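Enquirer: Input file: entry.csv. Contents: CSV, C-alpha atoms.
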```
chain,number,residue,atom,x,y,z
U,566,MET,CA,-2.9,-25.5,49.3
U,567,PRO,CA,-2.4,-28.1,46.6
U,568,ALA,CA,0.3,-30.7,46.9
U,569,LEU,CA,3.4,-29.3,45.2
U,570,PHE,CA,3.3,-31.5,42.2
U,571,LEU,CA,2.9,-30.4,38.6
U,572,LEU,CA,1.4,-33.2,36.5
U,573,ASP,CA,2.2,-33.6,32.8
U,574,THR,CA,-0.7,-34.5,30.5
U,575,ASP,CA,-0.1,-38.3,30.5
U,576,THR,CA,0.1,-38.3,34.3
U,577,TYR,CA,-3.1,-36.2,34.6
U,578,TYR,CA,-4.8,-38.7,32.3
U,579,LEU,CA,-4.1,-41.5,34.9
U,580,LEU,CA,-6.9,-40.0,36.9
U,581,PHE,CA,-9.4,-40.9,34.1
U,582,GLU,CA,-8.2,-44.3,33.1
U,583,PRO,CA,-10.8,-47.0,33.8
U,584,GLU,CA,-8.3,-49.5,35.2
U,585,GLN,CA,-6.2,-48.2,38.1
U,586,SER,CA,-2.6,-49.0,37.4
U,587,VAL,CA,0.4,-49.1,39.7
U,588,SER,CA,1.3,-45.7,38.4
U,589,TYR,CA,-2.1,-44.4,39.5
U,590,THR,CA,-1.6,-45.9,43.0
U,591,HIS,CA,1.9,-44.2,43.3
U,592,LEU,CA,0.5,-40.9,42.0
U,593,MET,CA,-2.4,-41.0,44.6
U,594,GLN,CA,0.1,-41.5,47.4
U,595,LYS,CA,1.8,-38.2,46.3
U,596,ILE,CA,-1.1,-36.0,45.6
U,597,ARG,CA,-3.7,-37.1,48.3
U,598,VAL,CA,-3.8,-34.9,51.3
U,599,GLY,CA,-6.4,-36.3,53.7
U,600,THR,CA,-9.6,-36.7,51.7
U,601,MET,CA,-8.5,-34.2,49.1
U,602,ILE,CA,-6.6,-34.9,45.9
U,603,SER,CA,-4.8,-31.7,44.8
U,604,PHE,CA,-2.1,-30.8,42.3
U,605,TYR,CA,-1.0,-28.3,39.8
U,606,ILE,CA,-1.2,-28.5,36.0
U,607,SER,CA,0.0,-26.2,33.3
U,608,GLU,CA,-2.6,-24.4,31.1
U,609,ILE,CA,-1.2,-26.4,28.2
U,610,THR,CA,-2.1,-29.6,30.1
U,611,SER,CA,-5.6,-28.3,30.7
U,612,LEU,CA,-5.9,-27.9,27.0
U,613,GLU,CA,-4.1,-31.0,25.9
U,614,ILE,CA,-6.1,-33.4,28.1
U,615,HIS,CA,-9.1,-32.8,25.8
U,616,SER,CA,-7.0,-33.9,22.8
U,617,VAL,CA,-6.1,-37.1,24.6
U,618,LEU,CA,-9.7,-37.7,25.7
U,619,GLY,CA,-11.0,-37.0,22.1
U,620,LYS,CA,-8.5,-39.5,20.7
U,621,ARG,CA,-9.8,-42.1,23.1
U,622,ARG,CA,-13.4,-41.3,21.9
U,623,ARG,CA,-12.6,-41.4,18.2
U,624,GLN,CA,-10.7,-44.6,17.9
U,625,PRO,CA,-9.6,-47.7,19.8
U,626,SER,CA,-6.0,-48.4,19.9
U,627,GLN,CA,-4.2,-51.6,18.8
U,628,PRO,CA,-1.5,-53.1,20.9
U,629,GLN,CA,1.9,-51.7,19.8
U,630,HIS,CA,5.1,-53.7,19.7
U,631,HIS,CA,8.2,-52.0,21.0
U,632,GLN,CA,11.8,-53.2,20.8
U,633,CYS,CA,13.5,-53.2,24.2
U,634,GLU,CA,16.5,-50.9,24.3
U,635,ARG,CA,18.0,-52.0,27.6
U,636,GLN,CA,21.5,-53.3,28.0
U,637,ILE,CA,21.7,-56.7,29.7
U,638,ILE,CA,24.7,-58.2,31.5
U,639,GLU,CA,25.2,-61.9,30.7
U,640,GLY,CA,28.2,-63.1,32.6
U,641,SER,CA,30.9,-60.4,32.0
U,642,GLN,CA,29.4,-59.4,28.6
U,643,MET,CA,26.9,-56.5,28.0
U,644,THR,CA,24.4,-57.2,25.2
U,645,LYS,CA,21.4,-55.4,23.9
U,646,CYS,CA,18.1,-56.9,25.0
U,647,SER,CA,16.4,-58.8,22.2
U,648,ASN,CA,12.9,-58.8,23.7
U,649,THR,CA,9.9,-57.0,22.4
U,650,TRP,CA,7.3,-55.5,24.7
U,651,ILE,CA,3.7,-54.7,23.9
U,652,SER,CA,1.8,-51.6,25.0
U,653,PRO,CA,-1.8,-52.4,25.9
U,654,SER,CA,-4.7,-51.6,23.7
U,655,PHE,CA,-7.9,-49.7,24.8
U,656,LYS,CA,-11.5,-49.7,23.7
U,657,LYS,CA,-13.1,-46.6,22.1
U,658,LEU,CA,-14.9,-44.5,24.8
U,659,LYS,CA,-18.7,-44.7,24.7
U,660,PRO,CA,-20.4,-41.3,24.2
U,661,LYS,CA,-21.9,-41.3,27.8
U,662,VAL,CA,-18.5,-42.1,29.4
U,663,PHE,CA,-16.8,-39.4,27.2
U,664,ARG,CA,-19.3,-36.8,28.4
U,665,GLU,CA,-18.9,-37.9,32.0
U,666,MET,CA,-15.1,-37.6,31.7
U,667,GLN,CA,-15.5,-34.1,30.2
U,668,LYS,CA,-17.7,-33.1,33.2
U,669,LEU,CA,-15.1,-34.6,35.6
U,670,ILE,CA,-12.3,-32.6,34.0
U,671,SER,CA,-14.4,-29.4,34.2
U,672,ASP,CA,-15.2,-30.0,37.9
U,673,ILE,CA,-11.5,-30.8,38.7
U,674,GLU,CA,-10.3,-27.7,37.0
U,675,ALA,CA,-13.0,-25.5,38.5
U,676,GLN,CA,-12.0,-27.0,41.9
U,677,ARG,CA,-15.5,-28.5,42.6
U,678,GLY,CA,-15.2,-31.7,44.6
U,679,ASP,CA,-12.5,-33.8,46.2
U,680,ILE,CA,-10.1,-33.7,43.2
U,681,GLN,CA,-8.8,-30.2,42.5
U,682,ALA,CA,-6.3,-28.9,39.9
U,683,THR,CA,-4.8,-25.5,40.2
U,684,ILE,CA,-4.0,-24.3,36.7
U,685,LEU,CA,-0.8,-22.3,36.2
U,686,LYS,CA,-1.4,-19.9,33.3
U,687,LEU,CA,0.8,-19.7,30.2
U,688,GLU,CA,2.4,-16.3,30.3
U,689,SER,CA,5.0,-14.7,28.0
U,690,ALA,CA,7.7,-15.7,30.5
U,691,THR,CA,6.5,-19.3,30.3
U,692,ILE,CA,6.7,-19.4,26.6
U,693,GLU,CA,10.1,-17.8,26.6
U,694,LYS,CA,11.4,-20.4,29.1
U,695,GLY,CA,10.0,-23.1,26.9
U,696,ARG,CA,11.6,-21.6,23.8
U,697,GLN,CA,15.0,-21.5,25.6
U,698,LEU,CA,14.7,-25.1,26.6
U,699,LEU,CA,13.8,-26.2,23.1
U,700,MET,CA,16.7,-24.2,21.6
U,701,LYS,CA,19.0,-25.8,24.1
U,702,TYR,CA,17.8,-29.5,23.9
U,703,ALA,CA,15.8,-30.2,20.8
U,704,ALA,CA,18.9,-31.2,18.8
U,705,SER,CA,20.0,-33.6,21.5
U,706,TYR,CA,16.8,-35.1,22.8
U,707,ASP,CA,13.3,-35.9,21.4
U,708,PHE,CA,12.0,-32.9,23.3
U,709,ARG,CA,8.8,-31.3,22.1
U,710,SER,CA,7.0,-28.0,22.4
U,711,HIS,CA,4.2,-29.2,24.8
U,712,ASP,CA,6.8,-30.6,27.2
U,713,ALA,CA,8.9,-27.4,26.9
U,714,LEU,CA,5.8,-25.3,27.9
U,715,ILE,CA,5.2,-27.6,30.9
U,716,ALA,CA,8.8,-27.3,32.0
U,717,GLY,CA,8.6,-23.5,31.4
U,718,THR,CA,5.5,-23.4,33.5
U,719,LEU,CA,7.3,-25.1,36.4
U,720,LEU,CA,10.4,-22.9,36.1
U,721,VAL,CA,8.3,-19.6,36.1
U,722,ALA,CA,6.2,-20.9,39.0
U,723,ARG,CA,9.4,-21.5,41.0
U,724,GLU,CA,11.0,-18.2,40.1
U,725,VAL,CA,7.9,-15.9,40.3
U,726,GLN,CA,5.5,-17.5,42.7
U,727,GLY,CA,8.1,-19.3,44.9
U,728,LEU,CA,6.4,-22.7,44.4
U,729,ASP,CA,8.8,-25.6,45.1
U,730,LEU,CA,7.1,-27.8,42.5
U,731,THR,CA,8.1,-31.3,41.4
U,732,LEU,CA,7.2,-32.4,37.9
U,733,VAL,CA,5.3,-35.7,37.6
U,734,THR,CA,6.0,-37.6,34.4
U,735,SER,CA,6.8,-41.1,33.2
U,736,ASP,CA,8.1,-39.8,29.8
U,737,LYS,CA,11.7,-40.9,29.6
U,738,LYS,CA,12.5,-38.4,26.8
U,739,PHE,CA,11.2,-35.6,28.9
U,740,GLN,CA,13.1,-36.8,32.0
U,741,ASN,CA,16.4,-36.5,30.1
U,742,VAL,CA,15.9,-32.7,29.8
U,743,LEU,CA,14.6,-32.4,33.4
U,744,ARG,CA,17.8,-34.2,34.6
U,745,GLU,CA,20.0,-31.8,32.4
U,746,GLU,CA,18.3,-28.8,34.0
U,747,ALA,CA,18.2,-30.2,37.5
U,748,ILE,CA,14.4,-29.9,37.6
U,749,PRO,CA,13.0,-32.3,40.2
U,750,PHE,CA,10.7,-34.9,38.9
U,751,TYR,CA,8.8,-37.9,40.1
U,752,ASP,CA,8.0,-41.0,37.9
U,753,PRO,CA,4.9,-42.8,39.2
U,754,ALA,CA,5.6,-45.8,36.9
U,755,LYS,CA,8.7,-46.7,38.9
U,756,ALA,CA,8.2,-49.7,41.2
U,757,SER,CA,10.0,-48.0,44.2
U,758,VAL,CA,8.3,-44.9,45.5
```
Written as structure tokens, that's how I'd like the structure from this file.

Expert:
Amino acid sequence: MPALFLLDTDTYYLLFEPEQSVSYTHLMQKIRVGTMISFYISEITSLEIHSVLGKRRRQPSQPQHHQCERQIIEGSQMTKCSNTWISPSFKKLKPKVFREMQKLISDIEAQRGDIQATILKLESATIEKGRQLLMKYAASYDFRSHDALIAGTLLVAREVQGLDLTLVTSDKKFQNVLREEAIPFYDPAKASV
């Protein structure tokens, strides 16, 4: 039986990054059972991973500058952080590496080998749950349809299949909705596991 973790697309992509980050290490601690690495993904994640991979094949990324939004306590005063942080750049994938990654995704999703994903199908109930979540939270949070379908997948799997899944995501915007709905989640980017 797979570990009871449902990976979002960005977390699933951690398995394919050339450099293994701290997030990758934390994720492996959760989804490795003996020599097997197993987890669940939504059918939308199974589809969306090819979009992410294709983007990495088409174009390299430039480092992006982001303004820090944290509040800092200086003495007894709270001020907004004035620092800027930079997201790393990546090189364009070479054709051979791209094809190897496609093959690896195919093997993982067909459950061939030591890394196995169990795909939870999109059903009308999943789409309806996602729609309800969007209607409830899209005006309050930057919450999008793919994330709504992933959350809907988790909720339907819990209700119909009795799977006590935890969603794995580092997306802070997505986490806001998960908190509101009391949906358990795990963030592999956090330093403390």

Enquirer: Determine the nearest neighbour of Arg709 of chain U from the options U:Pro753, U:Phe570, U:Lys738, U:Ala722, counting only C-alpha atoms.

Expert: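 Distance minimum relative to Arg709 of chain U lands on U:Lys738.
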
Enquirer: Go ahead and compute the interatomic distance for atom CA of Phe739 of chain U and atom CA of Phe708 of chain U, in Å to one decimal.

Expert: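 Result for atom CA of Phe739 of chain U versus atom CA of Phe708 of chain U: 6.3 Å, one decimal.
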
Enquirer: From the options U:His711, U:Arg664, U:Lys701, U:Arg621, which residue's atoms come nearest to Leu687 of chain U, counting all atoms listed in the file?

Expert: U:His711

Enquirer: Could you pull the residues within 9 Å of Ile680 of chain U, counting all atoms listed in the file, minus those fewer than 3 positions along the same chain, as a VMD selection string?

Expert: chain U and resid 597 601 to 604 672 to 674 676 to 677

Enquirer: Deliver the residues from the most recent selection as a file, using C-alpha atoms, as a PDB file, keeping the file's coordinate frame.

Expert:
```pdb
ATOM      1  CA  ARG U 597      -3.700 -37.100  48.300  1.00  0.00           C
ATOM      2  CA  MET U 601      -8.500 -34.200  49.100  1.00  0.00           C
ATOM      3  CA  ILE U 602      -6.600 -34.900  45.900  1.00  0.00           C
ATOM      4  CA  SER U 603      -4.800 -31.700  44.800  1.00  0.00           C
ATOM      5  CA  PHE U 604      -2.100 -30.800  42.300  1.00  0.00           C
ATOM      6  CA  ASP U 672     -15.200 -30.000  37.900  1.00  0.00           C
ATOM      7  CA  ILE U 673     -11.500 -30.800  38.700  1.00  0.00           C
ATOM      8  CA  GLU U 674     -10.300 -27.700  37.000  1.00  0.00           C
ATOM      9  CA  GLN U 676     -12.000 -27.000  41.900  1.00  0.00           C
ATOM     10  CA  ARG U 677     -15.500 -28.500  42.600  1.00  0.00           C
TER      11      ARG U 677
END
```

Enquirer: Could you tell me how far atom CA of Glu608 of chain U lies from atom CA of Leu698 of chain U, in Å and to one decimal?

Expert: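 According to the coordinates, atom CA of Glu608 of chain U and atom CA of Leu698 of chain U are separated by 17.9 Å.
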
Enquirer: Counting all atoms listed in the file, which of U:Gln681, U:Ser607, U:Leu699, U:Ala704 gets nearest to Leu730 of chain U?

Expert: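 Of U:Gln681, U:Ser607, U:Leu699, U:Ala704, the one nearest Leu730 of chain U is U:Ser607, counting all atoms listed in the file.
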
Enquirer: So, counting all atoms listed in the file, which residue among U:Leu592, U:Leu571, U:Cys633, U:Ala703 is closest to Asp752 of chain U?

Expert: U:Leu592

Enquirer: Any idea what's packed within 10 Å of Ser611 of chain U, counting only C-alpha atoms, ignoring anything in its chain fewer than 2 positions away? Could you give it as a list of chain:residue names?

Expert: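 Within the cut-off, the hits are U:Asp573, U:Thr574, U:Tyr577, U:Ile606, U:Ser607, U:Glu608, U:Ile609, U:Glu613, U:Ile614, U:His615, U:Ser616, U:Ile670, U:Ser671, U:Glu674, U:Ala682, U:Thr683, U:Ile684, U:Leu685, U:Lys686.
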
Enquirer: Could you tell me how far atom CA of Ala716 of chain U sits from atom CA of Lys694 of chain U, in Å to one decimal place?

Expert: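 Answer for the atom CA of Lys694 of chain U to atom CA of Ala716 of chain U separation: 7.9 Å.
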
Enquirer: Write out as a list in words the residues lying within 12 Å of Val662 of chain U, counting all atoms listed in the file and excluding same-chain residues fewer than 2 positions away.

Expert: Phe581, Glu582, Pro583, Leu618, Gly619, Arg621, Arg622, Lys656, Lys657, Leu658, Lys659, Pro660, Arg664, Glu665, Met666, Gln667, Lys668 and Leu669 of chain U

Enquirer: Could you pull the residues within 6 Å of Gly695 of chain U, counting all atoms listed in the file, minus those fewer than 6 positions along the same chain, as a PDB file with C-alpha atoms, in the coordinates of the input?

Expert:
```
ATOM      1  CA  ALA U 713       8.900 -27.400  26.900  1.00  0.00           C
ATOM      2  CA  LEU U 714       5.800 -25.300  27.900  1.00  0.00           C
ATOM      3  CA  GLY U 717       8.600 -23.500  31.400  1.00  0.00           C
TER       4      GLY U 717
END
```

Enquirer: Would you mind listing what lies within 10 Å of Val587 of chain U as a ChimeraX atom specification, with only C-alpha atoms counted and same-chain residues fewer than 6 positions away left out?

Expert: /U:593,753-756

Enquirer: Using all atoms listed in the file, find the one residue out of U:Ser705, U:Gln624, U:Gln632, U:Thr734 that sits nearest to Tyr589 of chain U.

Expert: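 For Tyr589 of chain U, the nearest of the candidates is U:Thr734.
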